[in-house]
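To be precise, the following lines are query-v7.pdb, and they hold PDB, C-alpha atoms, pLDDT in the B column.
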```pdb
ATOM      1  CA  LEU Y  24     123.721 124.012 158.717  1.00 35.00           C
ATOM      2  CA  LEU Y  25     120.898 123.087 156.328  1.00 32.00           C
ATOM      3  CA  GLU Y  26     123.227 123.537 153.381  1.00 33.00           C
ATOM      4  CA  LYS Y  27     125.846 121.318 154.999  1.00 32.00           C
ATOM      5  CA  THR Y  28     123.412 118.517 155.739  1.00 36.00           C
ATOM      6  CA  GLY Y  29     121.692 118.694 152.406  1.00 35.00           C
ATOM      7  CA  ALA Y  30     118.361 118.684 154.236  1.00 35.00           C
ATOM      8  CA  ARG Y  31     116.987 121.798 152.597  1.00 33.00           C
ATOM      9  CA  GLY Y  32     113.361 121.564 151.666  1.00 34.00           C
ATOM     10  CA  ARG Y  33     112.338 119.021 154.311  1.00 34.00           C
ATOM     11  CA  VAL Y  34     110.914 121.478 156.782  1.00 35.00           C
ATOM     12  CA  GLY Y  35     107.439 121.704 155.294  1.00 35.00           C
ATOM     13  CA  PRO Y  36     105.570 119.229 157.531  1.00 35.00           C
ATOM     14  CA  ILE Y  37     106.512 120.853 160.804  1.00 36.00           C
ATOM     15  CA  MET Y  38     105.500 124.303 159.567  1.00 34.00           C
ATOM     16  CA  ALA Y  39     102.270 122.813 158.263  1.00 33.00           C
ATOM     17  CA  PHE Y  40     101.647 121.457 161.752  1.00 33.00           C
ATOM     18  CA  PHE Y  41     101.818 124.920 163.278  1.00 34.00           C
ATOM     19  CA  SER Y  42      99.765 126.547 160.515  1.00 30.00           C
ATOM     20  CA  THR Y  43      96.821 124.154 160.724  1.00 30.00           C
ATOM     21  CA  THR Y  44      93.626 125.061 162.524  1.00 28.00           C
ATOM     22  CA  SER Y  45      94.053 122.248 165.068  1.00 32.00           C
ATOM     23  CA  PHE Y  46      96.218 124.630 167.056  1.00 31.00           C
ATOM     24  CA  GLY Y  47      94.897 127.928 165.754  1.00 32.00           C
ATOM     25  CA  LYS Y  48      97.440 130.673 166.180  1.00 32.00           C
ATOM     26  CA  PRO Y  49     100.865 129.762 167.604  1.00 35.00           C
ATOM     27  CA  ARG Y  50     100.670 129.555 171.375  1.00 37.00           C
ATOM     28  CA  ALA Y  51     103.020 132.404 172.108  1.00 35.00           C
ATOM     29  CA  ASP Y  52     100.780 133.576 174.926  1.00 35.00           C
ATOM     30  CA  VAL Y  53      99.526 131.908 178.149  1.00 35.00           C
ATOM     31  CA  GLY Y  54     103.093 131.031 179.079  1.00 39.00           C
ATOM     32  CA  ALA Y  55     103.476 128.334 176.411  1.00 42.00           C
ATOM     33  CA  ARG Y  56     105.858 129.502 173.683  1.00 46.00           C
ATOM     34  CA  VAL Y  57     106.854 127.817 170.468  1.00 50.00           C
ATOM     35  CA  ASN Y  58     109.923 128.893 168.515  1.00 53.00           C
ATOM     36  CA  LEU Y  59     108.577 128.141 165.053  1.00 43.00           C
ATOM     37  CA  GLY Y  60     111.614 128.962 162.946  1.00 49.00           C
ATOM     38  CA  ILE Y  61     114.007 127.093 165.232  1.00 53.00           C
ATOM     39  CA  CYS Y  62     111.766 124.025 165.379  1.00 54.00           C
ATOM     40  CA  ASN Y  63     111.682 124.023 161.601  1.00 48.00           C
ATOM     41  CA  HIS Y  64     115.452 124.155 161.395  1.00 51.00           C
ATOM     42  CA  LEU Y  65     116.121 121.600 164.134  1.00 54.00           C
ATOM     43  CA  CYS Y  66     113.664 119.121 162.723  1.00 47.00           C
ATOM     44  CA  THR Y  67     115.821 118.760 159.628  1.00 47.00           C
ATOM     45  CA  SER Y  68     119.200 118.807 161.357  1.00 49.00           C
ATOM     46  CA  THR Y  69     118.373 116.261 164.075  1.00 47.00           C
ATOM     47  CA  LEU Y  70     116.752 113.789 161.720  1.00 48.00           C
ATOM     48  CA  LEU Y  71     120.165 112.898 160.302  1.00 46.00           C
ATOM     49  CA  HIS Y  72     121.289 111.865 163.784  1.00 46.00           C
ATOM     50  CA  ALA Y  73     118.088 109.982 164.582  1.00 43.00           C
ATOM     51  CA  LYS Y  74     117.925 108.010 161.334  1.00 48.00           C
ATOM     52  CA  HIS Y  75     120.888 105.814 162.150  1.00 47.00           C
ATOM     53  CA  ALA Y  76     119.989 104.762 165.679  1.00 55.00           C
ATOM     54  CA  SER Y  77     117.069 104.919 168.041  1.00 73.00           C
ATOM     55  CA  MET Y  78     118.427 107.110 170.793  1.00 88.00           C
ATOM     56  CA  PRO Y  79     117.442 110.284 172.645  1.00 94.00           C
ATOM     57  CA  ASN Y  80     118.050 113.452 170.677  1.00 96.00           C
ATOM     58  CA  TYR Y  81     115.880 115.932 172.581  1.00 98.00           C
ATOM     59  CA  PHE Y  82     115.210 116.583 176.263  1.00 98.00           C
ATOM     60  CA  ILE Y  83     112.853 118.418 178.583  1.00 98.00           C
ATOM     61  CA  SER Y  84     114.844 120.790 180.780  1.00 97.00           C
ATOM     62  CA  ALA Y  85     114.361 122.953 183.838  1.00 96.00           C
ATOM     63  CA  ARG Y  86     116.832 125.728 183.117  1.00 96.00           C
ATOM     64  CA  VAL Y  87     119.101 126.840 185.974  1.00 95.00           C
ATOM     65  CA  LYS Y  88     120.185 130.487 185.969  1.00 95.00           C
ATOM     66  CA  LEU Y  89     123.136 130.976 188.292  1.00 96.00           C
ATOM     67  CA  SER Y  90     124.117 134.075 190.261  1.00 96.00           C
ATOM     68  CA  GLN Y  91     127.505 135.666 189.641  1.00 97.00           C
ATOM     69  CA  GLY Y  92     128.836 134.124 192.844  1.00 97.00           C
ATOM     70  CA  ALA Y  93     127.670 130.681 191.698  1.00 97.00           C
ATOM     71  CA  LEU Y  94     129.237 131.230 188.276  1.00 97.00           C
ATOM     72  CA  ASN Y  95     132.540 132.032 189.981  1.00 97.00           C
ATOM     73  CA  THR Y  96     132.311 128.823 192.015  1.00 97.00           C
ATOM     74  CA  VAL Y  97     131.650 126.752 188.900  1.00 98.00           C
ATOM     75  CA  GLU Y  98     134.603 128.404 187.147  1.00 97.00           C
ATOM     76  CA  ASP Y  99     136.860 127.486 190.069  1.00 97.00           C
ATOM     77  CA  PHE Y 100     135.560 123.916 189.945  1.00 98.00           C
ATOM     78  CA  HIS Y 101     136.248 123.707 186.214  1.00 98.00           C
ATOM     79  CA  ASP Y 102     139.792 124.965 186.746  1.00 98.00           C
ATOM     80  CA  LEU Y 103     140.400 122.210 189.286  1.00 98.00           C
ATOM     81  CA  LEU Y 104     138.843 119.598 187.013  1.00 98.00           C
ATOM     82  CA  THR Y 105     141.102 120.468 184.096  1.00 97.00           C
ATOM     83  CA  ASP Y 106     144.138 120.628 186.399  1.00 98.00           C
ATOM     84  CA  LEU Y 107     143.436 117.162 187.838  1.00 97.00           C
ATOM     85  CA  ALA Y 108     142.263 115.533 184.605  1.00 97.00           C
ATOM     86  CA  PRO Y 109     143.811 117.535 181.738  1.00 96.00           C
ATOM     87  CA  GLU Y 110     143.465 114.672 179.236  1.00 95.00           C
ATOM     88  CA  HIS Y 111     139.846 113.680 179.745  1.00 96.00           C
ATOM     89  CA  GLY Y 112     138.098 116.122 182.093  1.00 97.00           C
ATOM     90  CA  ILE Y 113     135.513 118.167 180.164  1.00 97.00           C
ATOM     91  CA  PRO Y 114     133.861 121.112 181.951  1.00 97.00           C
ATOM     92  CA  VAL Y 115     130.170 121.607 181.183  1.00 96.00           C
ATOM     93  CA  PRO Y 116     129.521 125.332 180.630  1.00 96.00           C
ATOM     94  CA  ALA Y 117     127.542 127.038 183.372  1.00 96.00           C
ATOM     95  CA  SER Y 118     125.533 128.831 180.678  1.00 95.00           C
ATOM     96  CA  SER Y 119     123.889 125.500 179.783  1.00 95.00           C
ATOM     97  CA  ALA Y 120     123.111 124.456 183.368  1.00 97.00           C
ATOM     98  CA  HIS Y 121     119.820 122.594 183.697  1.00 97.00           C
ATOM     99  CA  VAL Y 122     117.964 119.717 185.312  1.00 98.00           C
ATOM    100  CA  THR Y 123     116.845 117.077 182.798  1.00 98.00           C
ATOM    101  CA  LEU Y 124     113.312 115.861 183.461  1.00 97.00           C
ATOM    102  CA  ALA Y 125     113.155 113.464 180.509  1.00 98.00           C
ATOM    103  CA  THR Y 126     115.081 112.499 177.383  1.00 98.00           C
ATOM    104  CA  LEU Y 127     113.146 111.943 174.161  1.00 98.00           C
ATOM    105  CA  ASP Y 128     113.706 110.027 170.941  1.00 97.00           C
ATOM    106  CA  LEU Y 129     112.157 112.217 168.234  1.00 97.00           C
ATOM    107  CA  PRO Y 130     113.022 110.561 164.902  1.00 94.00           C
ATOM    108  CA  ASN Y 131     110.926 112.785 162.630  1.00 94.00           C
ATOM    109  CA  ASP Y 132     108.972 116.016 162.414  1.00 95.00           C
ATOM    110  CA  VAL Y 133     105.725 114.324 163.447  1.00 96.00           C
ATOM    111  CA  ALA Y 134     107.323 113.102 166.689  1.00 96.00           C
ATOM    112  CA  ILE Y 135     108.680 116.599 167.371  1.00 96.00           C
ATOM    113  CA  SER Y 136     105.198 118.028 166.849  1.00 96.00           C
ATOM    114  CA  ASP Y 137     103.728 115.421 169.219  1.00 97.00           C
ATOM    115  CA  ALA Y 138     106.289 116.304 171.886  1.00 98.00           C
ATOM    116  CA  ILE Y 139     105.542 120.020 171.548  1.00 97.00           C
ATOM    117  CA  GLU Y 140     101.821 119.386 171.876  1.00 97.00           C
ATOM    118  CA  ALA Y 141     102.360 117.113 174.896  1.00 97.00           C
ATOM    119  CA  LEU Y 142     104.474 119.752 176.624  1.00 96.00           C
ATOM    120  CA  GLN Y 143     101.598 122.222 176.406  1.00 94.00           C
ATOM    121  CA  THR Y 144      99.263 119.822 178.248  1.00 94.00           C
ATOM    122  CA  LEU Y 145     101.350 120.193 181.416  1.00 93.00           C
ATOM    123  CA  SER Y 146      99.832 123.534 182.389  1.00 85.00           C
ATOM    124  CA  PRO Y 147      97.775 122.054 185.278  1.00 86.00           C
ATOM    125  CA  GLU Y 148     100.942 120.522 186.782  1.00 84.00           C
ATOM    126  CA  MET Y 149     102.685 123.899 186.555  1.00 85.00           C
ATOM    127  CA  ARG Y 150     100.297 125.631 188.933  1.00 85.00           C
ATOM    128  CA  GLY Y 151     101.602 126.697 192.296  1.00 81.00           C
ATOM    129  CA  GLY Y 152     104.191 129.175 191.123  1.00 85.00           C
ATOM    130  CA  PRO Y 153     107.852 128.807 190.105  1.00 89.00           C
ATOM    131  CA  LEU Y 154     109.874 125.847 191.314  1.00 91.00           C
ATOM    132  CA  ARG Y 155     112.394 126.709 194.046  1.00 92.00           C
ATOM    133  CA  ILE Y 156     115.458 124.526 194.432  1.00 95.00           C
ATOM    134  CA  THR Y 157     118.882 124.615 196.087  1.00 96.00           C
ATOM    135  CA  LEU Y 158     122.072 123.415 194.393  1.00 98.00           C
ATOM    136  CA  GLN Y 159     124.345 122.021 197.081  1.00 97.00           C
ATOM    137  CA  GLY Y 160     126.785 119.126 197.406  1.00 97.00           C
ATOM    138  CA  LEU Y 161     128.686 117.114 194.806  1.00 97.00           C
ATOM    139  CA  GLY Y 162     127.768 113.725 193.375  1.00 97.00           C
ATOM    140  CA  HIS Y 163     128.811 111.497 190.490  1.00 97.00           C
ATOM    141  CA  PHE Y 164     127.651 108.825 188.063  1.00 97.00           C
ATOM    142  CA  TYR Y 165     130.247 106.030 187.960  1.00 96.00           C
ATOM    143  CA  ARG Y 166     132.966 108.700 188.299  1.00 96.00           C
ATOM    144  CA  ARG Y 167     132.456 109.651 184.678  1.00 97.00           C
ATOM    145  CA  VAL Y 168     130.002 112.477 185.345  1.00 98.00           C
ATOM    146  CA  VAL Y 169     130.265 114.931 188.246  1.00 98.00           C
ATOM    147  CA  PHE Y 170     127.250 116.981 189.232  1.00 98.00           C
ATOM    148  CA  VAL Y 171     125.808 119.240 191.915  1.00 98.00           C
ATOM    149  CA  GLU Y 172     122.917 117.807 193.906  1.00 97.00           C
ATOM    150  CA  VAL Y 173     119.446 119.357 193.634  1.00 97.00           C
ATOM    151  CA  LYS Y 174     117.493 119.880 196.825  1.00 94.00           C
ATOM    152  CA  GLU Y 175     113.956 121.182 197.130  1.00 90.00           C
ATOM    153  CA  ASP Y 176     112.544 123.583 199.677  1.00 80.00           C
ATOM    154  CA  THR Y 177     110.470 121.825 202.332  1.00 77.00           C
ATOM    155  CA  ARG Y 178     107.343 123.510 200.971  1.00 77.00           C
ATOM    156  CA  ASN Y 179     108.016 122.054 197.507  1.00 75.00           C
ATOM    157  CA  GLU Y 180     109.534 118.728 198.499  1.00 80.00           C
ATOM    158  CA  GLY Y 181     108.758 116.059 195.910  1.00 89.00           C
ATOM    159  CA  ARG Y 182     107.436 118.534 193.357  1.00 91.00           C
ATOM    160  CA  LEU Y 183     110.353 118.100 190.968  1.00 92.00           C
ATOM    161  CA  ALA Y 184     109.970 114.320 190.869  1.00 93.00           C
ATOM    162  CA  THR Y 185     106.207 114.757 190.405  1.00 93.00           C
ATOM    163  CA  LEU Y 186     106.850 117.089 187.463  1.00 94.00           C
ATOM    164  CA  ALA Y 187     109.309 114.639 185.909  1.00 96.00           C
ATOM    165  CA  ALA Y 188     106.728 111.849 186.196  1.00 96.00           C
ATOM    166  CA  ALA Y 189     104.051 114.104 184.680  1.00 96.00           C
ATOM    167  CA  VAL Y 190     106.350 114.995 181.771  1.00 97.00           C
ATOM    168  CA  ARG Y 191     107.058 111.353 181.052  1.00 97.00           C
ATOM    169  CA  MET Y 192     103.400 110.396 181.277  1.00 97.00           C
ATOM    170  CA  ALA Y 193     102.381 113.215 178.933  1.00 97.00           C
ATOM    171  CA  MET Y 194     104.992 112.156 176.380  1.00 98.00           C
ATOM    172  CA  VAL Y 195     104.123 108.454 176.572  1.00 97.00           C
ATOM    173  CA  THR Y 196     100.409 109.276 176.221  1.00 97.00           C
ATOM    174  CA  ALA Y 197     101.254 111.279 173.092  1.00 97.00           C
ATOM    175  CA  GLY Y 198     103.160 108.318 171.662  1.00 97.00           C
ATOM    176  CA  VAL Y 199     106.596 109.881 172.166  1.00 97.00           C
ATOM    177  CA  LYS Y 200     109.449 107.521 173.023  1.00 97.00           C
ATOM    178  CA  VAL Y 201     110.962 108.463 176.395  1.00 97.00           C
ATOM    179  CA  GLY Y 202     114.383 107.489 177.754  1.00 95.00           C
ATOM    180  CA  THR Y 203     114.364 104.664 180.283  1.00 92.00           C
ATOM    181  CA  LEU Y 204     116.898 105.940 182.830  1.00 92.00           C
ATOM    182  CA  PRO Y 205     115.286 106.709 186.206  1.00 94.00           C
ATOM    183  CA  PHE Y 206     114.942 110.350 187.161  1.00 96.00           C
ATOM    184  CA  LYS Y 207     117.755 111.749 189.294  1.00 96.00           C
ATOM    185  CA  ALA Y 208     117.674 115.487 189.876  1.00 96.00           C
ATOM    186  CA  HIS Y 209     121.132 116.946 189.233  1.00 98.00           C
ATOM    187  CA  VAL Y 210     123.008 119.645 187.334  1.00 98.00           C
ATOM    188  CA  THR Y 211     126.055 118.346 185.467  1.00 98.00           C
ATOM    189  CA  LEU Y 212     129.356 120.131 186.076  1.00 98.00           C
ATOM    190  CA  GLY Y 213     131.832 117.972 184.174  1.00 98.00           C
ATOM    191  CA  LYS Y 214     132.268 114.757 182.207  1.00 97.00           C
ATOM    192  CA  SER Y 215     134.961 112.354 181.095  1.00 97.00           C
ATOM    193  CA  SER Y 216     135.739 112.432 177.394  1.00 95.00           C
ATOM    194  CA  ASN Y 217     136.449 108.699 177.361  1.00 93.00           C
ATOM    195  CA  SER Y 218     136.289 105.655 179.623  1.00 89.00           C
ATOM    196  CA  ALA Y 219     138.818 107.116 182.074  1.00 95.00           C
ATOM    197  CA  LEU Y 220     137.495 107.868 185.544  1.00 97.00           C
ATOM    198  CA  LEU Y 221     137.353 111.394 186.903  1.00 98.00           C
ATOM    199  CA  PRO Y 222     139.263 112.168 190.131  1.00 97.00           C
ATOM    200  CA  TYR Y 223     136.040 112.597 192.080  1.00 97.00           C
ATOM    201  CA  ASN Y 224     137.542 112.254 195.561  1.00 97.00           C
ATOM    202  CA  ASP Y 225     140.151 114.901 194.826  1.00 97.00           C
ATOM    203  CA  LEU Y 226     137.493 117.185 193.387  1.00 97.00           C
ATOM    204  CA  LYS Y 227     135.359 116.760 196.475  1.00 96.00           C
ATOM    205  CA  ARG Y 228     138.281 117.471 198.764  1.00 95.00           C
ATOM    206  CA  GLY Y 229     138.879 120.684 196.849  1.00 94.00           C
ATOM    207  CA  PHE Y 230     135.269 121.711 197.447  1.00 94.00           C
ATOM    208  CA  GLU Y 231     134.256 120.348 200.824  1.00 86.00           C
ATOM    209  CA  ARG Y 232     131.208 122.597 200.801  1.00 90.00           C
ATOM    210  CA  PHE Y 233     129.990 123.030 197.234  1.00 96.00           C
ATOM    211  CA  ASP Y 234     127.054 125.441 197.280  1.00 97.00           C
ATOM    212  CA  LEU Y 235     125.567 127.281 194.301  1.00 97.00           C
ATOM    213  CA  GLY Y 236     122.690 128.718 196.296  1.00 96.00           C
ATOM    214  CA  LYS Y 237     118.954 128.915 195.729  1.00 95.00           C
ATOM    215  CA  ILE Y 238     117.486 128.859 192.226  1.00 94.00           C
ATOM    216  CA  VAL Y 239     114.048 129.745 190.897  1.00 93.00           C
ATOM    217  CA  VAL Y 240     112.955 127.684 187.863  1.00 94.00           C
ATOM    218  CA  GLU Y 241     110.391 129.591 185.811  1.00 92.00           C
ATOM    219  CA  GLN Y 242     109.591 127.222 182.955  1.00 94.00           C
ATOM    220  CA  LEU Y 243     110.136 123.813 181.361  1.00 96.00           C
ATOM    221  CA  GLU Y 244     111.652 123.696 177.872  1.00 97.00           C
ATOM    222  CA  LEU Y 245     111.974 121.279 174.960  1.00 98.00           C
ATOM    223  CA  CYS Y 246     115.541 121.418 173.625  1.00 97.00           C
ATOM    224  CA  PRO Y 247     117.665 119.453 171.152  1.00 97.00           C
ATOM    225  CA  MET Y 248     120.736 117.670 172.426  1.00 94.00           C
ATOM    226  CA  GLY Y 249     124.111 118.831 171.231  1.00 88.00           C
ATOM    227  CA  VAL Y 250     126.663 121.452 172.202  1.00 80.00           C
ATOM    228  CA  PRO Y 251     125.267 124.984 172.665  1.00 86.00           C
ATOM    229  CA  ARG Y 252     127.133 127.939 171.274  1.00 85.00           C
ATOM    230  CA  GLU Y 253     129.742 129.293 173.647  1.00 85.00           C
ATOM    231  CA  GLY Y 254     128.171 131.269 176.453  1.00 89.00           C
ATOM    232  CA  GLN Y 255     124.634 130.375 175.402  1.00 93.00           C
ATOM    233  CA  TYR Y 256     121.903 127.983 176.461  1.00 95.00           C
ATOM    234  CA  TYR Y 257     120.483 125.215 174.307  1.00 96.00           C
ATOM    235  CA  THR Y 258     118.069 126.208 171.584  1.00 95.00           C
ATOM    236  CA  VAL Y 259     114.528 126.182 172.966  1.00 95.00           C
ATOM    237  CA  CYS Y 260     111.884 124.755 170.636  1.00 95.00           C
ATOM    238  CA  SER Y 261     108.961 125.137 172.994  1.00 96.00           C
ATOM    239  CA  ALA Y 262     108.363 126.135 176.606  1.00 95.00           C
ATOM    240  CA  VAL Y 263     105.631 126.157 179.218  1.00 94.00           C
ATOM    241  CA  SER Y 264     105.815 128.513 182.191  1.00 93.00           C
ATOM    242  CA  PHE Y 265     104.924 128.021 185.829  1.00 89.00           C
TER     243      PHE Y 265
END
```
Here is a file; write its structure as structure tokens.
Amino acid sequence: LLEKTGARGRVGPIMAFFSTTSFGKPRADVGARVNLGICNHLCTSTLLHAKHASMPNYFISARVKLSQGALNTVEDFHDLLTDLAPEHGIPVPASSAHVTLATLDLPNDVAISDAIEALQTLSPEMRGGPLRITLQGLGHFYRRVVFVEVKEDTRNEGRLATLAAAVRMAMVTAGVKVGTLPFKAHVTLGKSSNSALLPYNDLKRGFERFDLGKIVVEQLELCPMGVPREGQYYTVCSAVSF
């Protein structure tokens, strides 16, 4: 990818960031991991996208790992989506399932470094053990995005929104530009490839009780936007564990 973009040789600053004494050794312990080589690579490849417009190109995710039964349900949903909207219905792979806590505009390697550092400051907010959620019920955004609703256990009610607010505050404090859309906990199942509306009512009738079960979220991750490789999750640049 570096050869295709012609961006070879521009990865020095981000590596210098991780090799300086301000951070000491890479924080691969204490639950806060940094994928140094991947961050190096992604810094160069995402800059091309970010140069032309100020728009989110990274995000903070709470990864959702589905059971086999849930994966089967998502596959059935995708089959119905493509049957009902063969021209514009795009299934979102279950392997990339996540809740987005914040979108970030990281136009250069310095901004990426700032976001990584800000993510590590969230350790106090991560106390209390893993986040437990339930994925149940369908919803949509303007009938162009269909998602499964995220519900929290009564013991953890409001924790996800609190985490999202803490993520945004940490990024803003670090000088990172954060997306302005309000937080809405959801896991995307499918999208429209154009302005055409998805047949949401028909989809909902096909799945009157859409239930993917209980999920345990173990960490928050900084990832680049884009399309993951088939069957894989997004590349993780940095993570902090509960």
What would the list of residues within 9 Å of (123.2, 126.2, 176.7) (file frame) look like as a list in words, if only C-alpha atoms are what count?
-> Pro116, Ala117, Ser118, Ser119, Ala120, His121, Val250, Pro251, Arg252, Glu253, Gly254, Gln255, Tyr256, Tyr257 and Thr258 of chain Y
Could you expand the PyMOL selection byres ((chain Y and resi 99) around 12) into the explicit residues it covers here, written as a compact mmCIF listing (two decimals) with C-alpha atoms, in the frame of the given file?
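Dumped to selection28.txt:
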```txt
# COMPACT_ATOMS: atom_id res chain seq x y z
CA GLY Y 92 128.84 134.12 192.84
CA ALA Y 93 127.67 130.68 191.70
CA LEU Y 94 129.24 131.23 188.28
CA ASN Y 95 132.54 132.03 189.98
CA THR Y 96 132.31 128.82 192.02
CA VAL Y 97 131.65 126.75 188.90
CA GLU Y 98 134.60 128.40 187.15
CA PHE Y 100 135.56 123.92 189.94
CA HIS Y 101 136.25 123.71 186.21
CA ASP Y 102 139.79 124.96 186.75
CA LEU Y 103 140.40 122.21 189.29
CA LEU Y 104 138.84 119.60 187.01
CA THR Y 105 141.10 120.47 184.10
CA ASP Y 106 144.14 120.63 186.40
CA PRO Y 114 133.86 121.11 181.95
CA ALA Y 117 127.54 127.04 183.37
CA LEU Y 212 129.36 120.13 186.08
CA LEU Y 226 137.49 117.18 193.39
CA GLY Y 229 138.88 120.68 196.85
CA PHE Y 230 135.27 121.71 197.45
CA PHE Y 233 129.99 123.03 197.23
```
Hits from the PyMOL selection byres ((chain Y and resi 200-207) around 12), listed as a PyMOL selection string = chain Y and resi 77-83+122-131+134-135+137-138+162-164+170-174+181+183-199+208-211
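Going from CA of Val168 (chain Y) over to CA of Met248 (chain Y), you cover 16.7 Å.
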Which residues are near Gln242 (chain Y)? Cut-off 7 Å, all atoms listed in the file, ignore same chain within fewer than 5 positions. Put them as a JSON list (two decimals) with C-alpha atoms, keeping the file's coordinate frame.
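selection17.json, freshly written:
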```json
[["chain", "number", "residue", "atom", "x", "y", "z"],
["Y", 85, "ALA", "CA", 114.36, 122.95, 183.84],
["Y", 262, "ALA", "CA", 108.36, 126.14, 176.61],
["Y", 263, "VAL", "CA", 105.63, 126.16, 179.22],
["Y", 264, "SER", "CA", 105.82, 128.51, 182.19],
["Y", 265, "PHE", "CA", 104.92, 128.02, 185.83]]
```
Pairwise distance, CA of Glu231 (chain Y) with CA of Ser216 (chain Y), equals 24.8 Å
Output the residue selection produced by the PyMOL selection byres ((chain Y and resi 217) around 10) on the file above, formatted as a list in words.
->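 For this structure, the PyMOL selection byres ((chain Y and resi 217) around 10) resolves to Glu110, His111, Gly112, Ile113, Arg167, Lys214, Ser215, Ser216, Ser218, Ala219, Leu220 and Leu221 of chain Y.
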Could you check how far CA of Gly152 (chain Y) sits from CA of Pro247 (chain Y), in Å to one decimal?
-> 26.0 Å
So which residues touch region 176-180 of chain Y within 9 Å, counting all atoms listed in the file, skipping near sequence neighbours fewer than 5 positions away, as a ChimeraX atom specification?
-> /Y:154-157
Show me, as lines of an AutoDock Vina configuration file, the centre and edge lengths in Å to one decimal of the axis-aligned box that covers every listed atom of region 80-84 of chain Y with 6 Å on each side.
```
center_x = 115.5
center_y = 117.1
center_z = 175.7
size_x = 17.2
size_y = 19.3
size_z = 22.1
```
